[in-house]
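What's in query.txt: compact mmCIF, C-alpha atoms
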```
# COMPACT_ATOMS: atom_id res chain seq x y z
CA MET R 15 2.68 15.45 37.48
CA ALA R 16 5.59 17.73 37.99
CA ARG R 17 6.31 20.27 35.31
CA THR R 18 9.38 19.55 33.21
CA LEU R 19 11.46 21.51 30.75
CA ILE R 20 13.48 19.53 28.25
CA SER R 21 15.76 20.98 25.62
CA VAL R 22 16.82 18.61 22.84
CA PRO R 23 17.75 19.78 19.33
CA LYS R 24 15.06 18.78 16.81
CA THR R 25 17.57 17.51 14.28
CA ALA R 26 21.19 16.46 14.34
CA GLU R 27 23.68 15.00 11.92
CA ALA R 28 24.77 11.41 12.46
CA GLY R 29 27.70 11.34 14.86
CA GLU R 30 27.07 14.85 16.14
CA ILE R 31 27.27 15.40 19.89
CA VAL R 32 24.02 16.95 21.09
CA THR R 33 23.57 18.79 24.37
CA ILE R 34 20.49 17.91 26.38
CA LYS R 35 19.15 20.09 29.18
CA THR R 36 16.47 18.91 31.59
CA LEU R 37 14.66 20.52 34.48
CA ILE R 38 11.87 19.19 36.67
CA SER R 39 9.91 21.18 39.22
CA HIS R 40 10.44 19.48 42.57
CA PRO R 41 11.02 20.94 46.07
CA MET R 42 13.98 18.58 46.85
CA GLU R 43 13.21 18.79 50.57
CA THR R 44 16.55 17.90 52.14
CA GLY R 45 15.42 16.22 55.35
CA PHE R 46 17.82 18.45 57.30
CA ARG R 47 15.64 21.54 57.57
CA PRO R 48 13.31 22.39 60.47
CA GLY R 49 9.75 23.30 59.55
CA ALA R 50 7.49 25.97 61.08
CA ASP R 51 6.90 23.76 64.15
CA GLY R 52 10.65 23.40 64.73
CA ARG R 53 10.73 19.74 63.81
CA ILE R 54 12.89 18.41 60.97
CA MET R 55 10.82 17.98 57.80
CA ALA R 56 10.91 14.55 56.15
CA ARG R 57 13.20 14.10 53.18
CA ASP R 58 11.51 14.27 49.78
CA ILE R 59 14.04 14.31 46.95
CA ILE R 60 14.62 12.91 43.49
CA THR R 61 17.25 10.22 43.89
CA ASP R 62 17.77 9.01 40.36
CA PHE R 63 17.59 10.36 36.81
CA THR R 64 18.04 8.21 33.72
CA CYS R 65 18.16 9.07 30.01
CA LEU R 66 17.42 6.29 27.53
CA TYR R 67 18.15 6.58 23.80
CA ASP R 68 16.00 4.02 21.95
CA GLY R 69 15.71 2.08 25.20
CA GLU R 70 19.44 2.03 25.89
CA GLU R 71 20.82 3.90 28.89
CA VAL R 72 23.12 6.73 27.81
CA PHE R 73 23.20 8.80 30.99
CA ARG R 74 22.29 8.29 34.63
CA ALA R 75 22.65 10.53 37.65
CA GLU R 76 22.25 9.77 41.35
CA THR R 77 21.15 12.90 43.15
CA PHE R 78 21.39 13.77 46.83
CA PRO R 79 19.89 16.48 49.08
CA ALA R 80 22.74 18.73 47.91
CA THR R 81 21.00 19.08 44.54
CA ALA R 82 19.11 22.36 44.41
CA ALA R 83 15.32 22.52 44.19
CA ASN R 84 13.98 21.97 40.66
CA PRO R 85 16.86 19.70 39.62
CA TYR R 86 18.56 20.88 36.46
CA LEU R 87 21.00 18.75 34.48
CA THR R 88 22.96 19.30 31.30
CA PHE R 89 24.68 16.40 29.57
CA THR R 90 25.56 15.21 26.08
CA THR R 91 24.94 12.24 23.84
CA ARG R 92 26.11 11.28 20.37
CA ALA R 93 23.32 11.25 17.77
CA THR R 94 23.30 7.81 16.14
CA ARG R 95 19.90 7.41 14.48
CA THR R 96 16.42 8.88 14.62
CA GLY R 97 14.83 7.75 17.82
CA THR R 98 13.18 8.49 21.11
CA LEU R 99 14.92 9.92 24.13
CA SER R 100 13.21 8.98 27.39
CA PHE R 101 13.86 10.85 30.60
CA ILE R 102 12.94 9.12 33.84
CA TRP R 103 13.04 10.73 37.27
CA ARG R 104 12.62 8.60 40.40
CA GLY R 105 12.53 9.74 43.99
CA ASP R 106 11.25 9.45 47.53
CA ASN R 107 7.62 8.57 48.28
CA GLY R 108 7.37 6.54 45.06
CA PHE R 109 7.95 9.52 42.79
CA GLU R 110 8.35 8.53 39.17
CA GLN R 111 7.90 10.51 36.01
CA THR R 112 8.79 9.81 32.40
CA GLU R 113 9.00 12.30 29.54
CA THR R 114 10.04 11.68 25.96
CA ALA R 115 11.49 13.66 23.09
CA THR R 116 12.26 12.73 19.50
CA LEU R 117 15.63 13.33 17.94
CA THR R 118 15.70 13.26 14.14
CA VAL R 119 19.07 12.29 12.71
CA THR R 120 19.78 13.41 9.17
CA MET F 17 60.01 10.16 79.55
CA PRO F 18 56.60 11.50 78.36
CA ARG F 19 54.83 13.78 80.76
CA LEU F 20 51.60 12.37 82.06
CA PRO F 21 48.66 14.80 82.01
CA ASN F 22 48.12 16.08 85.52
CA ARG F 23 44.81 17.27 86.95
CA ARG F 24 45.49 20.94 86.17
CA ARG F 25 46.18 20.28 82.49
CA VAL F 26 43.13 18.08 82.06
CA LEU F 27 40.96 20.81 83.59
CA ALA F 28 42.46 23.43 81.29
CA LEU F 29 41.70 21.23 78.28
CA GLY F 30 38.11 20.86 79.46
CA THR F 31 37.41 24.58 79.54
CA GLY F 32 39.01 25.00 76.13
CA SER F 33 36.74 22.50 74.38
CA LEU F 34 33.66 23.82 76.19
CA ALA F 35 34.36 27.28 74.83
CA THR F 36 34.69 25.91 71.28
CA ILE F 37 31.33 24.17 71.49
CA ALA F 38 29.63 27.29 72.82
CA LEU F 39 30.92 29.36 69.90
CA ARG F 40 29.48 27.08 67.23
CA PRO F 41 26.11 28.16 65.84
CA VAL F 42 23.12 26.27 67.21
CA ALA F 43 21.79 25.36 63.77
CA ALA F 44 25.00 23.59 62.78
CA GLU F 45 24.64 21.36 65.83
CA ALA F 46 21.25 20.14 64.67
CA VAL F 47 22.76 18.00 61.93
CA THR F 48 25.48 15.46 62.52
CA ARG F 49 27.16 13.84 59.58
CA THR F 50 26.96 10.09 59.36
CA GLU F 51 29.82 9.89 56.88
CA THR F 52 32.89 12.09 56.42
CA THR F 53 33.94 13.34 53.00
CA ALA F 54 36.94 11.00 53.02
CA GLN F 55 34.69 8.02 53.77
CA ALA F 56 32.28 8.97 50.99
CA ILE F 57 35.17 9.28 48.53
CA ARG F 58 36.48 5.85 49.57
CA ARG F 59 33.01 4.38 49.10
CA PHE F 60 33.07 5.75 45.54
CA ALA F 61 36.67 4.97 44.58
CA GLY F 62 37.49 2.01 46.80
CA ASP F 63 41.19 1.69 47.53
CA ALA F 64 42.26 3.06 44.14
CA GLU F 65 44.79 5.85 43.98
CA ILE F 66 43.23 9.23 43.12
CA ARG F 67 45.50 11.45 41.01
CA PRO F 68 45.07 15.16 40.43
CA GLY F 69 44.33 16.23 36.86
CA ARG F 70 42.11 15.71 33.81
CA VAL F 71 39.02 16.93 35.69
CA HIS F 72 37.85 20.54 35.48
CA LEU F 73 35.40 21.84 38.04
CA ASP F 74 33.84 25.21 37.42
CA LEU F 75 31.86 27.00 40.10
CA PRO F 76 31.60 30.65 41.16
CA PRO F 77 34.29 31.49 43.76
CA LEU F 78 31.91 33.83 45.56
CA VAL F 79 28.38 32.53 46.01
CA GLU F 80 25.63 34.93 47.05
CA ASN F 81 22.94 32.30 47.45
CA GLY F 82 23.94 28.81 48.48
CA ASN F 83 20.52 27.42 47.54
CA ALA F 84 21.34 27.16 43.83
CA VAL F 85 24.94 27.20 42.68
CA THR F 86 25.67 26.26 39.09
CA ILE F 87 28.56 23.85 38.74
CA THR F 88 30.12 22.42 35.60
CA VAL F 89 32.36 19.36 35.53
CA THR F 90 34.31 18.40 32.42
CA VAL F 91 36.88 15.64 32.01
CA ASP F 92 39.60 15.47 29.36
CA SER F 93 38.74 12.23 27.60
CA PRO F 94 38.30 11.11 23.98
CA MET F 95 35.13 9.24 25.12
CA SER F 96 35.86 6.35 22.75
CA GLY F 97 34.97 2.70 23.34
CA GLU F 98 38.44 1.97 24.74
CA ASP F 99 39.04 5.20 26.63
CA HIS F 100 36.11 6.93 28.25
CA VAL F 101 34.84 8.26 31.55
CA ARG F 102 32.65 5.80 33.45
CA ARG F 103 31.59 7.85 36.43
CA ILE F 104 31.94 11.35 37.84
CA ALA F 105 31.16 12.13 41.47
CA VAL F 106 31.11 15.45 43.27
CA PHE F 107 31.69 15.76 47.02
CA ASN F 108 31.48 18.59 49.54
CA ASP F 109 33.10 19.29 52.90
CA LYS F 110 30.47 20.99 55.03
CA ASN F 111 26.96 20.08 53.87
CA PRO F 112 25.03 17.65 56.13
CA GLN F 113 25.80 14.88 53.60
CA ALA F 114 29.09 14.48 51.74
CA ASN F 115 27.66 13.45 48.34
CA VAL F 116 26.53 16.06 45.86
CA ILE F 117 25.90 14.09 42.67
CA THR F 118 27.17 10.94 40.96
CA VAL F 119 26.75 10.50 37.20
CA HIS F 120 27.26 7.43 35.04
CA LEU F 121 28.49 7.99 31.51
CA GLY F 122 29.77 5.91 28.64
CA PRO F 123 31.22 6.24 25.17
CA ARG F 124 27.76 7.21 23.89
CA ALA F 125 27.91 10.46 25.83
CA GLY F 126 30.35 11.88 23.27
CA ARG F 127 31.73 14.36 25.77
CA ALA F 128 32.39 14.07 29.48
CA ALA F 129 30.68 17.29 30.47
CA ILE F 130 27.83 17.89 32.88
CA ALA F 131 26.25 20.90 34.54
CA THR F 132 23.81 21.09 37.42
CA ARG F 133 22.74 23.29 40.32
CA ILE F 134 23.70 22.41 43.87
CA ARG F 135 23.22 23.60 47.45
CA LEU F 136 26.09 24.81 49.59
CA ALA F 137 25.49 25.05 53.34
CA ASP F 138 28.73 26.88 54.10
CA THR F 139 31.95 28.26 52.68
CA GLN F 140 33.72 25.10 51.67
CA ARG F 141 35.76 23.05 49.24
CA ILE F 142 34.12 21.02 46.48
CA THR F 143 35.87 17.98 45.00
CA ALA F 144 35.08 16.27 41.70
CA ILE F 145 36.41 12.77 40.98
CA ALA F 146 36.19 10.93 37.66
CA GLU F 147 36.66 7.23 37.02
CA THR F 148 38.02 6.39 33.56
CA SER F 149 37.49 3.09 31.73
CA ASP F 150 41.01 1.91 32.66
CA GLY F 151 39.91 1.98 36.31
CA ARG F 152 41.94 5.04 37.24
CA TYR F 153 40.63 7.96 39.26
CA TRP F 154 41.27 11.65 38.64
CA SER F 155 40.26 14.59 40.76
CA THR F 156 40.20 18.33 41.21
CA SER F 157 38.94 20.69 43.91
CA ALA F 158 37.58 24.21 44.02
CA ASP F 159 36.73 26.55 46.87
CA ALA F 160 33.54 28.56 47.18
CA ILE F 161 32.78 31.36 49.62
CA VAL F 162 29.08 31.33 50.51
CA THR F 163 27.39 34.43 51.90
CA LEU F 164 23.84 33.02 52.24
CA ALA F 165 23.90 29.35 53.21
CA ALA F 166 21.42 26.74 51.98
CA CYS F 167 19.56 24.22 54.16
CA LEU F 168 19.48 26.25 57.36
CA GLU F 169 17.68 29.43 56.31
CA GLY F 170 15.49 27.68 53.82
```

Mind turning this structure into structure tokens?
Amino acid sequence: MARTLISVPKTAEAGEIVTIKTLISHPMETGFRPGADGRIMARDIITDFTCLYDGEEVFRAETFPATAANPYLTFTTRATRTGTLSFIWRGDNGFEQTETATLTVT
Amino acid sequence: MPRLPNRRRVLALGTGSLATIALRPVAAEAVTRTETTAQAIRRFAGDAEIRPGRVHLDLPPLVENGNAVTITVTVDSPMSGEDHVRRIAVFNDKNPQANVITVHLGPRAGRAAIATRIRLADTQRITAIAETSDGRYWSTSADAIVTLAACLEG
């Protein structure tokens, strides 16, 4: 399991736009870089990130080797009701990780 | 009547291009792009006209370390059900691959604003393109000077 850092406000008023920040520790090996033996190292990146709010997709990002190591993303969503935010990262070599956070809407 | 290239001119051309190849760094030769930036943009936007405006791309003009460059993209949009940003894509000129990131948004995003960290392999121009719900495309570009390039040195 890769380490993740997720920043979601604990509470929000209904209709408020909340900023979400996510970071996952991942080398994002580009597949363009030669290793110690001089041969190009195989690509190993996160290719897709999805944020679900109560099971509905509110944000999705396709990432490429140009994303820096330990992919960091900031985006926003409108708080509608108290619910679960799920964050799903998918990548090369079958990488998949899901984290959740709860947003309480007052 | 157009002048046909004679042997002397062809030879002169040959030496010229050889010299250009020799001057390019070895590392840059290792990677050949499969898709140009223009092709990648067309794959994203199709044949639609891309107008300048509405998109704001923020990145440092002078980058010390190309391995992690913070970029922010915002689009002027009310993000309502009828008028919102559907997609934002960022492209580069000189990295081994033209795509940087593509994000999918909707009215539930509230604001069309994203931030991330990217790699820059060289001093180059970055272009951000946004697709709005009416099917129109908007773009902006920004230049970055990179002193330590990503990808090649590590």

Contact table chain R vs chain F, cut-off 7 Å, shortest pair per residue, all atoms listed in the file, as a Markdown table:
```
| residue | atom | partner | partner_atom | distance |
| --- | --- | --- | --- | --- |
| R:Ile31 | CA | F:Gly126 | CA | 5.8 |
| R:Phe46 | CA | F:Val47 | CA | 6.8 |
| R:Arg47 | CA | F:Cys167 | CA | 5.8 |
| R:Val72 | CA | F:Arg124 | CA | 6.1 |
| R:Phe73 | CA | F:Leu121 | CA | 5.4 |
| R:Arg74 | CA | F:His120 | CA | 5.1 |
| R:Ala75 | CA | F:Val119 | CA | 4.1 |
| R:Glu76 | CA | F:Thr118 | CA | 5.1 |
| R:Thr77 | CA | F:Ile117 | CA | 4.9 |
| R:Phe78 | CA | F:Val116 | CA | 5.7 |
| R:Ala80 | CA | F:Arg135 | CA | 4.9 |
| R:Thr81 | CA | F:Ile134 | CA | 4.3 |
| R:Ala82 | CA | F:Ile134 | CA | 4.6 |
| R:Pro85 | CA | F:Arg133 | CA | 6.9 |
| R:Tyr86 | CA | F:Thr132 | CA | 5.3 |
| R:Leu87 | CA | F:Thr132 | CA | 4.7 |
| R:Thr88 | CA | F:Ala131 | CA | 4.9 |
| R:Phe89 | CA | F:Ile130 | CA | 4.8 |
| R:Thr90 | CA | F:Ala125 | CA | 5.3 |
| R:Thr91 | CA | F:Ala125 | CA | 4.0 |
| R:Arg92 | CA | F:Gly126 | CA | 5.2 |
```

Could those residues be written to a file, using C-alpha atoms, as a PDB file, in the frame of the given file?
```pdb
ATOM      1  CA  ILE R  31      27.270  15.400  19.890  1.00  0.00           C
ATOM      2  CA  PHE R  46      17.820  18.450  57.300  1.00  0.00           C
ATOM      3  CA  ARG R  47      15.640  21.540  57.570  1.00  0.00           C
ATOM      4  CA  VAL R  72      23.120   6.730  27.810  1.00  0.00           C
ATOM      5  CA  PHE R  73      23.200   8.800  30.990  1.00  0.00           C
ATOM      6  CA  ARG R  74      22.290   8.290  34.630  1.00  0.00           C
ATOM      7  CA  ALA R  75      22.650  10.530  37.650  1.00  0.00           C
ATOM      8  CA  GLU R  76      22.250   9.770  41.350  1.00  0.00           C
ATOM      9  CA  THR R  77      21.150  12.900  43.150  1.00  0.00           C
ATOM     10  CA  PHE R  78      21.390  13.770  46.830  1.00  0.00           C
ATOM     11  CA  ALA R  80      22.740  18.730  47.910  1.00  0.00           C
ATOM     12  CA  THR R  81      21.000  19.080  44.540  1.00  0.00           C
ATOM     13  CA  ALA R  82      19.110  22.360  44.410  1.00  0.00           C
ATOM     14  CA  PRO R  85      16.860  19.700  39.620  1.00  0.00           C
ATOM     15  CA  TYR R  86      18.560  20.880  36.460  1.00  0.00           C
ATOM     16  CA  LEU R  87      21.000  18.750  34.480  1.00  0.00           C
ATOM     17  CA  THR R  88      22.960  19.300  31.300  1.00  0.00           C
ATOM     18  CA  PHE R  89      24.680  16.400  29.570  1.00  0.00           C
ATOM     19  CA  THR R  90      25.560  15.210  26.080  1.00  0.00           C
ATOM     20  CA  THR R  91      24.940  12.240  23.840  1.00  0.00           C
ATOM     21  CA  ARG R  92      26.110  11.280  20.370  1.00  0.00           C
TER      22      ARG R  92
END
```

- Tell me, in Å to one decimal, how far atom CA of Ala56 of chain R is from atom CA of Trp103 of chain R.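 Spanning atom CA of Ala56 of chain R to atom CA of Trp103 of chain R is a straight-line distance of 19.4 Å.
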
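Residue neighbourhood of segment 115-117 of chain R, excluding near-sequence residues (fewer than 6 positions): Ile20, Ser21, Val22, Pro23, Lys24, Thr25, Ala26, Ala93, Arg95, Thr96, Gly97, Thr98, Leu99, Ser100 and Phe101 of chain R, at 9 Å, using all atoms listed in the file.
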
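Among the candidate residues F:Arg67, F:Arg49, F:His72, F:Arg141, the one lying nearest to Ser93 of chain F is F:His72, with distances computed using all atoms listed in the file.
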
- Message: For Ala158 of chain F, find every residue with an atom within 9 Å (counting all atoms listed in the file), except residues of its own chain fewer than 5 positions away, and show them as a ChimeraX atom specification.
- Response: /F:73-75,77,140-144

Hey, can you spit out that residue selection with C-alpha atoms as a CSV table (one decimal), in the frame of the given file?
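That gives us again16.csv:
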```csv
chain,number,residue,atom,x,y,z
F,73,LEU,CA,35.4,21.8,38.0
F,74,ASP,CA,33.8,25.2,37.4
F,75,LEU,CA,31.9,27.0,40.1
F,77,PRO,CA,34.3,31.5,43.8
F,140,GLN,CA,33.7,25.1,51.7
F,141,ARG,CA,35.8,23.0,49.2
F,142,ILE,CA,34.1,21.0,46.5
F,143,THR,CA,35.9,18.0,45.0
F,144,ALA,CA,35.1,16.3,41.7
```

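Going from atom CA of Pro94 of chain F over to atom CA of Thr94 of chain R, you cover 17.2 Å.
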
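When atom CA of Val101 of chain F is paired with atom CA of Glu71 of chain R, their separation reads 14.9 Å.
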
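For the set F:Val106, F:Gly97, F:Thr90, F:Ile161, the residue with the smallest atom-to-atom gap to Phe60 of chain F is F:Val106, counting all atoms listed in the file.
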
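The environment of His40 of chain R within 9 Å, counting all atoms listed in the file and disregarding residues fewer than 3 places along the same chain, consists of R:Ala16, R:Arg17, R:Glu43, R:Asp58, R:Ile59, R:Ile60, R:Ala83, R:Asn84, R:Pro85.
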
- Query: For Asp159 of chain F, which of F:Thr52, F:Leu78, F:Glu65, F:Glu98 is the closest residue, counting only C-alpha atoms?
  - Reply: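 The answer is F:Leu78, which sits nearest to Asp159 of chain F.
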
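Of the residues under consideration (F:Asp63, F:Asp99, F:Asp109, F:Asp92), F:Asp109 shows the shortest atom-to-atom contact distance to Thr139 of chain F when counting only C-alpha atoms.
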
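Here the question is which of R:Glu30, R:Gly105, R:Asp51, R:Leu66 gets nearest to Thr120 of chain R using only C-alpha atoms, and that residue is R:Glu30.
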
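The smallest atom-to-atom distance between His100 of chain F and any of F:Ala64, F:Val79, F:Ala56, F:Ala146, using only C-alpha atoms, is found for F:Ala146.
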
Save C-alpha atoms of segment 42-123 of chain F from the block above as a PDB file, in the first residue's frame.
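Output contents, as saved in out-v2.pdb:
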```pdb
ATOM      1  CA  VAL F  42      23.194  12.399 -26.956  1.00  0.00           C
ATOM      2  CA  ALA F  43      20.526  11.963 -24.287  1.00  0.00           C
ATOM      3  CA  ALA F  44      17.912  13.814 -26.316  1.00  0.00           C
ATOM      4  CA  GLU F  45      18.463  11.370 -29.165  1.00  0.00           C
ATOM      5  CA  ALA F  46      17.561   8.425 -26.955  1.00  0.00           C
ATOM      6  CA  VAL F  47      13.878   9.318 -26.984  1.00  0.00           C
ATOM      7  CA  THR F  48      11.888   9.878 -30.134  1.00  0.00           C
ATOM      8  CA  ARG F  49       8.396  11.232 -29.896  1.00  0.00           C
ATOM      9  CA  THR F  50       5.638   9.115 -31.341  1.00  0.00           C
ATOM     10  CA  GLU F  51       3.203  12.020 -31.451  1.00  0.00           C
ATOM     11  CA  THR F  52       3.776  15.748 -31.941  1.00  0.00           C
ATOM     12  CA  THR F  53       2.134  18.326 -29.698  1.00  0.00           C
ATOM     13  CA  ALA F  54      -0.164  19.392 -32.544  1.00  0.00           C
ATOM     14  CA  GLN F  55      -1.272  15.785 -33.086  1.00  0.00           C
ATOM     15  CA  ALA F  56      -1.946  15.297 -29.369  1.00  0.00           C
ATOM     16  CA  ILE F  57      -4.017  18.495 -29.285  1.00  0.00           C
ATOM     17  CA  ARG F  58      -6.023  17.337 -32.311  1.00  0.00           C
ATOM     18  CA  ARG F  59      -6.623  13.976 -30.634  1.00  0.00           C
ATOM     19  CA  PHE F  60      -8.060  15.887 -27.658  1.00  0.00           C
ATOM     20  CA  ALA F  61     -10.044  18.577 -29.484  1.00  0.00           C
ATOM     21  CA  GLY F  62     -10.821  16.916 -32.808  1.00  0.00           C
ATOM     22  CA  ASP F  63     -11.361  19.394 -35.609  1.00  0.00           C
ATOM     23  CA  ALA F  64     -12.913  22.036 -33.347  1.00  0.00           C
ATOM     24  CA  GLU F  65     -11.598  25.578 -33.452  1.00  0.00           C
ATOM     25  CA  ILE F  66      -9.453  26.457 -30.425  1.00  0.00           C
ATOM     26  CA  ARG F  67      -9.799  30.092 -29.336  1.00  0.00           C
ATOM     27  CA  PRO F  68      -7.474  31.944 -26.996  1.00  0.00           C
ATOM     28  CA  GLY F  69      -8.956  33.080 -23.693  1.00  0.00           C
ATOM     29  CA  ARG F  70     -10.894  32.028 -20.578  1.00  0.00           C
ATOM     30  CA  VAL F  71      -8.094  29.684 -19.470  1.00  0.00           C
ATOM     31  CA  HIS F  72      -5.427  30.799 -16.997  1.00  0.00           C
ATOM     32  CA  LEU F  73      -2.249  28.783 -16.678  1.00  0.00           C
ATOM     33  CA  ASP F  74       0.056  29.585 -13.810  1.00  0.00           C
ATOM     34  CA  LEU F  75       3.558  28.166 -13.623  1.00  0.00           C
ATOM     35  CA  PRO F  76       6.903  29.606 -12.520  1.00  0.00           C
ATOM     36  CA  PRO F  77       8.663  31.339 -15.453  1.00  0.00           C
ATOM     37  CA  LEU F  78      12.044  30.181 -14.188  1.00  0.00           C
ATOM     38  CA  VAL F  79      12.203  26.578 -13.010  1.00  0.00           C
ATOM     39  CA  GLU F  80      15.199  25.407 -10.998  1.00  0.00           C
ATOM     40  CA  ASN F  81      14.194  21.763 -10.879  1.00  0.00           C
ATOM     41  CA  GLY F  82      12.197  20.327 -13.751  1.00  0.00           C
ATOM     42  CA  ASN F  83      11.331  17.206 -11.748  1.00  0.00           C
ATOM     43  CA  ALA F  84       8.472  18.876  -9.872  1.00  0.00           C
ATOM     44  CA  VAL F  85       6.942  22.063 -11.200  1.00  0.00           C
ATOM     45  CA  THR F  86       3.701  23.259  -9.647  1.00  0.00           C
ATOM     46  CA  ILE F  87       1.132  24.316 -12.213  1.00  0.00           C
ATOM     47  CA  THR F  88      -2.332  25.749 -11.677  1.00  0.00           C
ATOM     48  CA  VAL F  89      -5.027  25.858 -14.340  1.00  0.00           C
ATOM     49  CA  THR F  90      -8.224  27.840 -13.849  1.00  0.00           C
ATOM     50  CA  VAL F  91     -11.010  28.482 -16.341  1.00  0.00           C
ATOM     51  CA  ASP F  92     -13.511  31.344 -16.245  1.00  0.00           C
ATOM     52  CA  SER F  93     -16.797  29.479 -16.035  1.00  0.00           C
ATOM     53  CA  PRO F  94     -19.930  29.663 -13.868  1.00  0.00           C
ATOM     54  CA  MET F  95     -19.790  25.821 -13.620  1.00  0.00           C
ATOM     55  CA  SER F  96     -23.587  25.581 -13.781  1.00  0.00           C
ATOM     56  CA  GLY F  97     -25.572  22.726 -15.319  1.00  0.00           C
ATOM     57  CA  GLU F  98     -25.909  24.589 -18.624  1.00  0.00           C
ATOM     58  CA  ASP F  99     -22.484  26.210 -18.767  1.00  0.00           C
ATOM     59  CA  HIS F 100     -19.536  24.356 -17.343  1.00  0.00           C
ATOM     60  CA  VAL F 101     -16.093  23.040 -18.197  1.00  0.00           C
ATOM     61  CA  ARG F 102     -16.074  19.410 -19.301  1.00  0.00           C
ATOM     62  CA  ARG F 103     -12.382  18.745 -19.738  1.00  0.00           C
ATOM     63  CA  ILE F 104      -9.045  20.470 -19.291  1.00  0.00           C
ATOM     64  CA  ALA F 105      -5.874  19.137 -20.908  1.00  0.00           C
ATOM     65  CA  VAL F 106      -2.304  20.328 -20.566  1.00  0.00           C
ATOM     66  CA  PHE F 107       0.304  19.767 -23.279  1.00  0.00           C
ATOM     67  CA  ASN F 108       4.048  20.342 -23.545  1.00  0.00           C
ATOM     68  CA  ASP F 109       6.458  20.917 -26.427  1.00  0.00           C
ATOM     69  CA  LYS F 110       9.660  19.122 -25.530  1.00  0.00           C
ATOM     70  CA  ASN F 111       9.004  16.254 -23.114  1.00  0.00           C
ATOM     71  CA  PRO F 112       9.226  12.725 -24.596  1.00  0.00           C
ATOM     72  CA  GLN F 113       5.406  12.622 -24.618  1.00  0.00           C
ATOM     73  CA  ALA F 114       3.144  15.561 -25.489  1.00  0.00           C
ATOM     74  CA  ASN F 115       0.441  14.957 -22.851  1.00  0.00           C
ATOM     75  CA  VAL F 116       0.870  16.272 -19.335  1.00  0.00           C
ATOM     76  CA  ILE F 117      -2.539  15.724 -17.729  1.00  0.00           C
ATOM     77  CA  THR F 118      -6.192  15.540 -18.768  1.00  0.00           C
ATOM     78  CA  VAL F 119      -8.939  16.161 -16.207  1.00  0.00           C
ATOM     79  CA  HIS F 120     -12.676  15.580 -16.455  1.00  0.00           C
ATOM     80  CA  LEU F 121     -14.924  17.965 -14.564  1.00  0.00           C
ATOM     81  CA  GLY F 122     -18.606  18.736 -14.340  1.00  0.00           C
ATOM     82  CA  PRO F 123     -21.025  21.138 -12.732  1.00  0.00           C
TER      83      PRO F 123
END
```
